[in-house]
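**Student:** Just dropping this structure here.
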Amino acid sequence: MGEPPRARTWTQRLHRLYAGFVLGLLASVLLLVGLEWAGVPKAWLGLGFLLVTVLVYAGIGLACRTTQPEAYYVADRRVPAMYNGMATAADWMSAASFMGLAGALYTAGFGGLAFVLGWTGGFCLVAFLLAPYLRKFGQYTVPDFLGARYGEPWPRLIGVGAVILVSFTYVVAQIVGVGLIVSRLIGVAFELGVFLGLGGVLVCSFLGGMRAITWTQVAQYTVLIVAFLLPVMWLSVKQTHNPVPPLAYASQLEAIGVKEDKLLVDPAELAVRGWYAERSHQLQSQLAQPAQALRHQREAAQAQLRALRAQGAPAEQQREAVRDLARLPRTVESAKQVWSQELERIERKALPLNGMPPHARPFVTAEQPDAPDANARLNFVALVFCLVVGTAALPHILVRYYTTPSVHQARLSVVWTLFFVLLLYLTAPALAVLVKHEVFFGLVGTPIDALPSWVGAWQAVAPDLLRVEDVNADGLLQLNELSLGGDIIALAAAEIAGLPYVVSVLVAAGGMAAALSTADGLLLTVANALSHDVYYKMVDPSAPTARRVTLSKMLLLVVALAAAYVAAQRPADIVFMVSAAFSLAASAFFPALVLGIFWVRTTGWGAVAGMISGLSVTLYYVVSHAAWPRQLLGWGDPGPLWWGIEPISAGVFGVPVGMAVTVLVSLLTPRPAPHVMAMVRGLRHPSQEAL
């Protein structure tokens, strides 16, 4: 059965509109190339292109403004499958995918493939277990389903709390990415970049809700996929003369393996690692007696300053000594914190290959690069599990399948989503290898004063992500003297490839599009949960529709400002924050949603107990074992890891606990009401269209 004529006309109109957008994008890039050749300052080009893309997104948001709940919450339920797939892919491919995935593959090698497997495999669960059934349910939010399936008010209320926790953690990571991109693109401080980027988030989502976000995300996907693929293809042609990166990088991977073997025994590398090992011992001694060590450092700095003054040293040299004295920690506690952070970094730098495992060897570690490690294998599997199940439980992704015209279109849009996601995910491993080849063969061994300009530019913008230290004072860059954070691998790819600055601007705009698209969806999900599920469903069911939508907009603004404030503190790296959100989502929602659809005996008390227990276990493990929550809360050293599982995979404990508790409590409590069981049986026939 084909599309109805009205739907076909709507789809054809969309084709024309977005074909025009693509042509406009290409024309803008060509115009920027011409302006760059004409000598227009780079800062103006970056700012101009950023403003143009954000204004286009804002224009789409303004054109889609609405106060109607059906449009604001679910985009009128008229988004064709292909376009919903593009919008979902943009919603899905966040700053973690655009910026962090290639970086994780660069630093972790084979271990980084866990992200590729987990973040794509989860859509199989979405297609088979959730999307068609939620579309047939046909409401607005995930807590809507929990409230209708399990009864009011506790399942809905706990669902809202979990939505806020998961989405807020996730959106902070996106705004960190926005701040990093804006600061590099137009040269402002990171904190200012965060709040400038926040404006871009709000103009996309504030006026039109899901309708505005959907059509903005289609445009953003176009920008981000072009921006990601272009530098990778250029690098591939430059190094292998093959424009298809996934088919071309095998030879570069082999060359990297040979280079790694040489670097493991290189005398200069061994000398650098020895220097870092000695520095590590010094820091350990300082931490053993922090008060005495801090006093000695202060006395030494004061003596140095007095000596310089007595010798009549140049004024700049004296000012530098004053700055060194001022930079010393003021208290013993702050000294311990600073030295502990430095020790963690230095211990990594003392390992072979700059703390990276050999790229192509499976399940090895930097500490043990020659043989597979059982714990590395276990963590790989645990991370894949958390990402697969978390993907199937993310609220801001699941609500996208409420927007399609039918159940069939919902299922088909999952297929389109997977296709659009794979365009990036199959290319990211190639990007990691091609960039590592550039570093190993283009940077390592280069004189420090002859390094490419992009190294200095990124070091000025993000010294915590890129740092060069000539610790053995030979004037040459060794691998372990280069600190290259994974979050800038994709953003710097165009500069690493030697492409014109315009392409770097396009890449930054692509990263911005990835972060904005996901941040839009997350903020709207939180605001809608509060306005629809709490205010309308639980506080004032008679509230006018205009008041509900207005309240959602106000809440969206409040949540956005709170997320920007937290992001400005740089709480953790982007990939870790996003992965923690996956574990939290998996533990909170997956058992309740899947059992609620496929087991009619699941009860409301069972779902409540399962959600609370699963989420609590996961949250406890993340907070008690991950570095940044402990630092934020002022906690001491963590206890031993459970079975050696890293906190990034905390959901591997929470999901089984939540599932088991849900089943056990359901068996111990009365059966659901007959009408609820009838609703569940009806949902399991998605071929019958929405109720």
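Starting from 1 in every chain, residues are counted up; chains themselves are A, B, ... following the order of the structure tokens, and ligands are numbered from 1 as listed.
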Would you mind writing down, as a PyMOL selection string, each residue of range 39-241 of chain A that DSSP on the backbone assigns to alpha helix (DSSP H)?
**Tutor:** chain A and resi 42-63+69-74+81-92+95+102-108+113-125+131-137+142-150+154-186+190-205+209-240
**Student:** Store the residues picked out above, limited to C-alpha atoms, as a short mmCIF file (atom, residue, chain, number, x, y, z; two decimals), in the first residue's frame.
**Tutor:**
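Result file selection.cif:
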```
data_model
loop_
_atom_site.label_atom_id
_atom_site.label_comp_id
_atom_site.auth_asym_id
_atom_site.auth_seq_id
_atom_site.Cartn_x
_atom_site.Cartn_y
_atom_site.Cartn_z
CA LYS A 42 40.12 33.71 9.49
CA ALA A 43 38.33 34.86 12.64
CA TRP A 44 35.75 36.64 10.48
CA LEU A 45 35.23 33.54 8.34
CA GLY A 46 34.70 31.36 11.39
CA LEU A 47 32.33 33.77 13.07
CA GLY A 48 30.45 34.42 9.84
CA PHE A 49 29.86 30.77 9.00
CA LEU A 50 28.87 29.99 12.58
CA LEU A 51 26.34 32.81 12.57
CA VAL A 52 24.93 31.79 9.19
CA THR A 53 24.34 28.17 10.24
CA VAL A 54 22.82 29.16 13.58
CA LEU A 55 20.60 31.74 11.85
CA VAL A 56 19.39 29.07 9.43
CA TYR A 57 18.53 26.80 12.35
CA ALA A 58 16.84 29.73 14.08
CA GLY A 59 14.86 30.49 10.93
CA ILE A 60 13.58 26.93 10.80
CA GLY A 61 12.66 27.14 14.49
CA LEU A 62 10.84 30.44 13.92
CA ALA A 63 8.94 29.09 10.90
CA PRO A 69 0.43 20.29 22.00
CA GLU A 70 0.27 17.83 19.08
CA ALA A 71 2.78 19.92 17.15
CA TYR A 72 4.93 20.93 20.12
CA TYR A 73 5.25 17.44 21.62
CA VAL A 74 5.17 15.10 18.58
CA ALA A 81 10.26 7.68 7.90
CA MET A 82 13.35 8.85 6.00
CA TYR A 83 13.28 12.33 7.53
CA ASN A 84 12.55 10.95 10.97
CA GLY A 85 15.59 8.71 10.45
CA MET A 86 17.74 11.74 9.64
CA ALA A 87 16.38 13.70 12.60
CA THR A 88 16.87 10.75 14.94
CA ALA A 89 20.42 10.24 13.65
CA ALA A 90 21.19 13.92 14.33
CA ASP A 91 19.52 13.65 17.74
CA TRP A 92 21.58 10.52 18.36
CA ALA A 95 29.15 15.63 20.43
CA ALA A 102 37.15 8.96 16.75
CA GLY A 103 39.02 10.14 19.85
CA ALA A 104 38.09 7.01 21.79
CA LEU A 105 39.26 4.87 18.88
CA TYR A 106 42.48 6.91 18.65
CA THR A 107 43.35 6.47 22.33
CA ALA A 108 41.92 2.97 22.95
CA LEU A 113 35.20 -0.51 18.80
CA ALA A 114 32.95 -1.18 21.81
CA PHE A 115 31.38 2.22 21.14
CA VAL A 116 30.78 1.42 17.47
CA LEU A 117 29.20 -1.95 18.27
CA GLY A 118 27.15 -0.68 21.19
CA TRP A 119 25.88 2.54 19.66
CA THR A 120 24.74 0.82 16.45
CA GLY A 121 23.57 -2.51 17.87
CA GLY A 122 21.16 -0.77 20.21
CA PHE A 123 18.96 0.26 17.29
CA CYS A 124 18.19 -3.40 16.63
CA LEU A 125 16.60 -3.54 20.08
CA ALA A 131 9.66 1.66 18.68
CA PRO A 132 6.55 0.10 17.05
CA TYR A 133 4.88 -0.60 20.37
CA LEU A 134 5.43 2.88 21.76
CA ARG A 135 4.16 4.38 18.50
CA LYS A 136 1.01 2.28 18.74
CA PHE A 137 0.57 3.50 22.33
CA VAL A 142 8.10 7.78 27.98
CA PRO A 143 6.62 8.56 31.44
CA ASP A 144 3.24 8.66 29.66
CA PHE A 145 3.66 4.97 28.87
CA LEU A 146 4.83 4.15 32.39
CA GLY A 147 1.83 5.94 33.89
CA ALA A 148 -0.70 4.24 31.62
CA ARG A 149 0.90 0.79 31.88
CA TYR A 150 1.63 0.70 35.60
CA TRP A 154 4.60 6.68 41.24
CA PRO A 155 5.72 4.99 38.00
CA ARG A 156 5.19 8.24 36.09
CA LEU A 157 6.91 10.34 38.77
CA ILE A 158 9.93 8.03 39.02
CA GLY A 159 10.09 7.99 35.23
CA VAL A 160 10.21 11.80 35.19
CA GLY A 161 13.03 11.78 37.76
CA ALA A 162 15.01 9.29 35.68
CA VAL A 163 14.40 11.33 32.50
CA ILE A 164 15.79 14.42 34.21
CA LEU A 165 18.85 12.58 35.57
CA VAL A 166 19.71 10.86 32.29
CA SER A 167 19.00 13.79 30.01
CA PHE A 168 20.73 16.37 32.19
CA THR A 169 23.91 14.28 32.36
CA TYR A 170 23.78 13.85 28.60
CA VAL A 171 23.04 17.50 27.78
CA VAL A 172 25.94 18.77 29.92
CA ALA A 173 28.28 16.75 27.70
CA GLN A 174 26.79 18.38 24.60
CA ILE A 175 27.22 21.89 25.97
CA VAL A 176 30.85 21.11 26.89
CA GLY A 177 31.32 20.20 23.22
CA VAL A 178 29.61 23.40 22.10
CA GLY A 179 31.89 25.48 24.32
CA LEU A 180 34.99 23.78 22.96
CA ILE A 181 33.90 24.31 19.35
CA VAL A 182 32.90 27.95 19.76
CA SER A 183 36.10 28.80 21.64
CA ARG A 184 38.20 27.31 18.81
CA LEU A 185 36.11 28.76 16.01
CA ILE A 186 35.90 32.40 17.10
CA PHE A 190 35.62 28.32 26.84
CA GLU A 191 33.12 29.57 29.43
CA LEU A 192 31.87 32.30 27.10
CA GLY A 193 31.69 29.75 24.29
CA VAL A 194 29.39 27.63 26.44
CA PHE A 195 26.84 30.42 26.85
CA LEU A 196 27.11 31.57 23.23
CA GLY A 197 26.43 28.00 22.13
CA LEU A 198 23.51 27.86 24.54
CA GLY A 199 21.87 30.63 22.56
CA GLY A 200 22.09 28.43 19.47
CA VAL A 201 20.43 25.59 21.36
CA LEU A 202 17.55 27.75 22.52
CA VAL A 203 16.74 29.36 19.17
CA CYS A 204 16.32 25.89 17.67
CA SER A 205 13.94 24.52 20.28
CA GLY A 209 9.21 22.25 20.32
CA MET A 210 9.41 18.89 18.56
CA ARG A 211 8.18 20.29 15.26
CA ALA A 212 10.97 22.87 15.16
CA ILE A 213 13.58 20.44 16.46
CA THR A 214 12.70 17.77 13.90
CA TRP A 215 13.17 19.95 10.83
CA THR A 216 16.19 21.69 12.35
CA GLN A 217 17.79 18.32 13.04
CA VAL A 218 17.37 17.23 9.42
CA ALA A 219 19.38 20.30 8.38
CA GLN A 220 21.90 19.71 11.15
CA TYR A 221 22.43 16.11 10.07
CA THR A 222 23.26 17.30 6.56
CA VAL A 223 25.88 19.70 7.93
CA LEU A 224 27.45 17.26 10.36
CA ILE A 225 27.76 14.32 7.96
CA VAL A 226 29.35 16.46 5.22
CA ALA A 227 31.68 18.05 7.77
CA PHE A 228 32.74 14.67 9.18
CA LEU A 229 33.24 12.81 5.89
CA LEU A 230 35.13 15.49 3.93
CA PRO A 231 38.38 15.59 6.01
CA VAL A 232 38.44 11.81 6.39
CA MET A 233 38.12 11.32 2.65
CA TRP A 234 40.84 13.92 2.06
CA LEU A 235 43.18 12.22 4.53
CA SER A 236 42.43 8.88 2.88
CA VAL A 237 43.29 10.24 -0.57
CA LYS A 238 46.39 12.00 0.77
CA GLN A 239 47.77 8.86 2.41
CA THR A 240 46.41 6.00 0.29
#
```
**Student:** Just the residues within 6 Å of range 368-379 of chain A, please, counting only C-alpha atoms, with nothing from its chain fewer than 5 positions along; format it as a list in words.
**Tutor:**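 In the requested format, the answer is Pro357, Phe363 and Ile645 of chain A.
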**Student:** Between A:Leu499, A:Val399, A:Val433, A:Val384, which residue has the minimum interatomic distance to Asn528 in chain A, considering only C-alpha atoms?
**Tutor:**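 Among the listed residues, A:Val399 lies closest to Asn528 in chain A.
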**Student:** Write out as a PDB file with C-alpha atoms, in the first residue's frame the residues lying within 6 Å of range 461-470 of chain A, counting only C-alpha atoms and excluding same-chain residues fewer than 5 positions away.
**Tutor:**
```
ATOM      1  CA  GLU A 481      55.836  14.327  25.153  1.00  0.00           C
ATOM      2  CA  LEU A 482      52.605  14.947  23.219  1.00  0.00           C
ATOM      3  CA  SER A 483      49.315  14.986  25.141  1.00  0.00           C
ATOM      4  CA  LEU A 484      46.513  14.808  22.566  1.00  0.00           C
ATOM      5  CA  GLY A 485      42.998  14.537  23.990  1.00  0.00           C
TER       6      GLY A 485
END
```
**Student:** Need the shell around range 440-445 of chain A: protein/DNA/RNA residues with any atom at most 6 Å away, counting only C-alpha atoms. Skip same-chain ones fewer than 5 positions apart. Format as a compact mmCIF listing (two decimals) with C-alpha atoms, in the first residue's frame?
**Tutor:**
```
# COMPACT_ATOMS: atom_id res chain seq x y z
CA LEU A 476 62.53 16.99 19.25
CA LEU A 477 58.99 15.79 19.91
CA GLN A 478 58.70 12.27 21.27
CA LEU A 479 55.33 10.52 21.36
```
**Student:** Have a look at A:Ser517, A:Thr602, A:Gln318, A:Ser97 and name the one nearest to Leu424 in chain A; count only C-alpha atoms.
**Tutor:**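 Using only C-alpha atoms, the shortest distance to Leu424 in chain A belongs to A:Ser97.
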**Student:** In terms of the shortest atom-to-atom distance over only C-alpha atoms, which of A:Ser649, A:Gln311, A:Thr662, A:Thr525 is closest to Leu593 in chain A?
**Tutor:** A:Thr662
**Student:** Counting only C-alpha atoms, figure out which residue out of A:Gln286, A:Glu367, A:Trp275, A:Trp458 gets nearest to Ala473 in chain A.
**Tutor:** A:Trp275
**Student:** Write out as a VMD selection string the residues lying within 12 Å of Leu683 in chain A, counting only C-alpha atoms and excluding same-chain residues fewer than 2 positions away.
**Tutor:** chain A and resid 129 to 138 145 149 407 594 596 to 600 676 to 681 685 to 691
**Student:** Excluding range 23-35 of chain A and its own-chain neighbours fewer than 4 positions away, which residues fall within 9 Å of it when counting only C-alpha atoms? Please give them as a PyMOL selection string.
**Tutor:** chain A and resi 18-19+39-41+45+49+53+223+500-503+506
**Student:** For the structure I just gave you, how does DSSP split range 450-641 of chain A - specifically, which residues are strand (DSSP E)? Reply as a ChimeraX atom specification.
**Tutor:** /A:466-468,482-484
**Student:** So that I have them on file, write out the residues from the current selection with C-alpha atoms, as a PDB file, in the first residue's frame.
**Tutor:**
```pdb
ATOM      1  CA  LEU A 466      46.711  19.338  23.702  1.00  0.00           C
ATOM      2  CA  ARG A 467      50.075  19.897  25.381  1.00  0.00           C
ATOM      3  CA  VAL A 468      53.674  19.612  24.210  1.00  0.00           C
ATOM      4  CA  LEU A 482      52.605  14.947  23.219  1.00  0.00           C
ATOM      5  CA  SER A 483      49.315  14.986  25.141  1.00  0.00           C
ATOM      6  CA  LEU A 484      46.513  14.808  22.566  1.00  0.00           C
TER       7      LEU A 484
END
```
**Student:** Please compute the CA of Ala490 in chain A-CA of Pro352 in chain A distance, one decimal, in Å.
**Tutor:** 24.1 Å
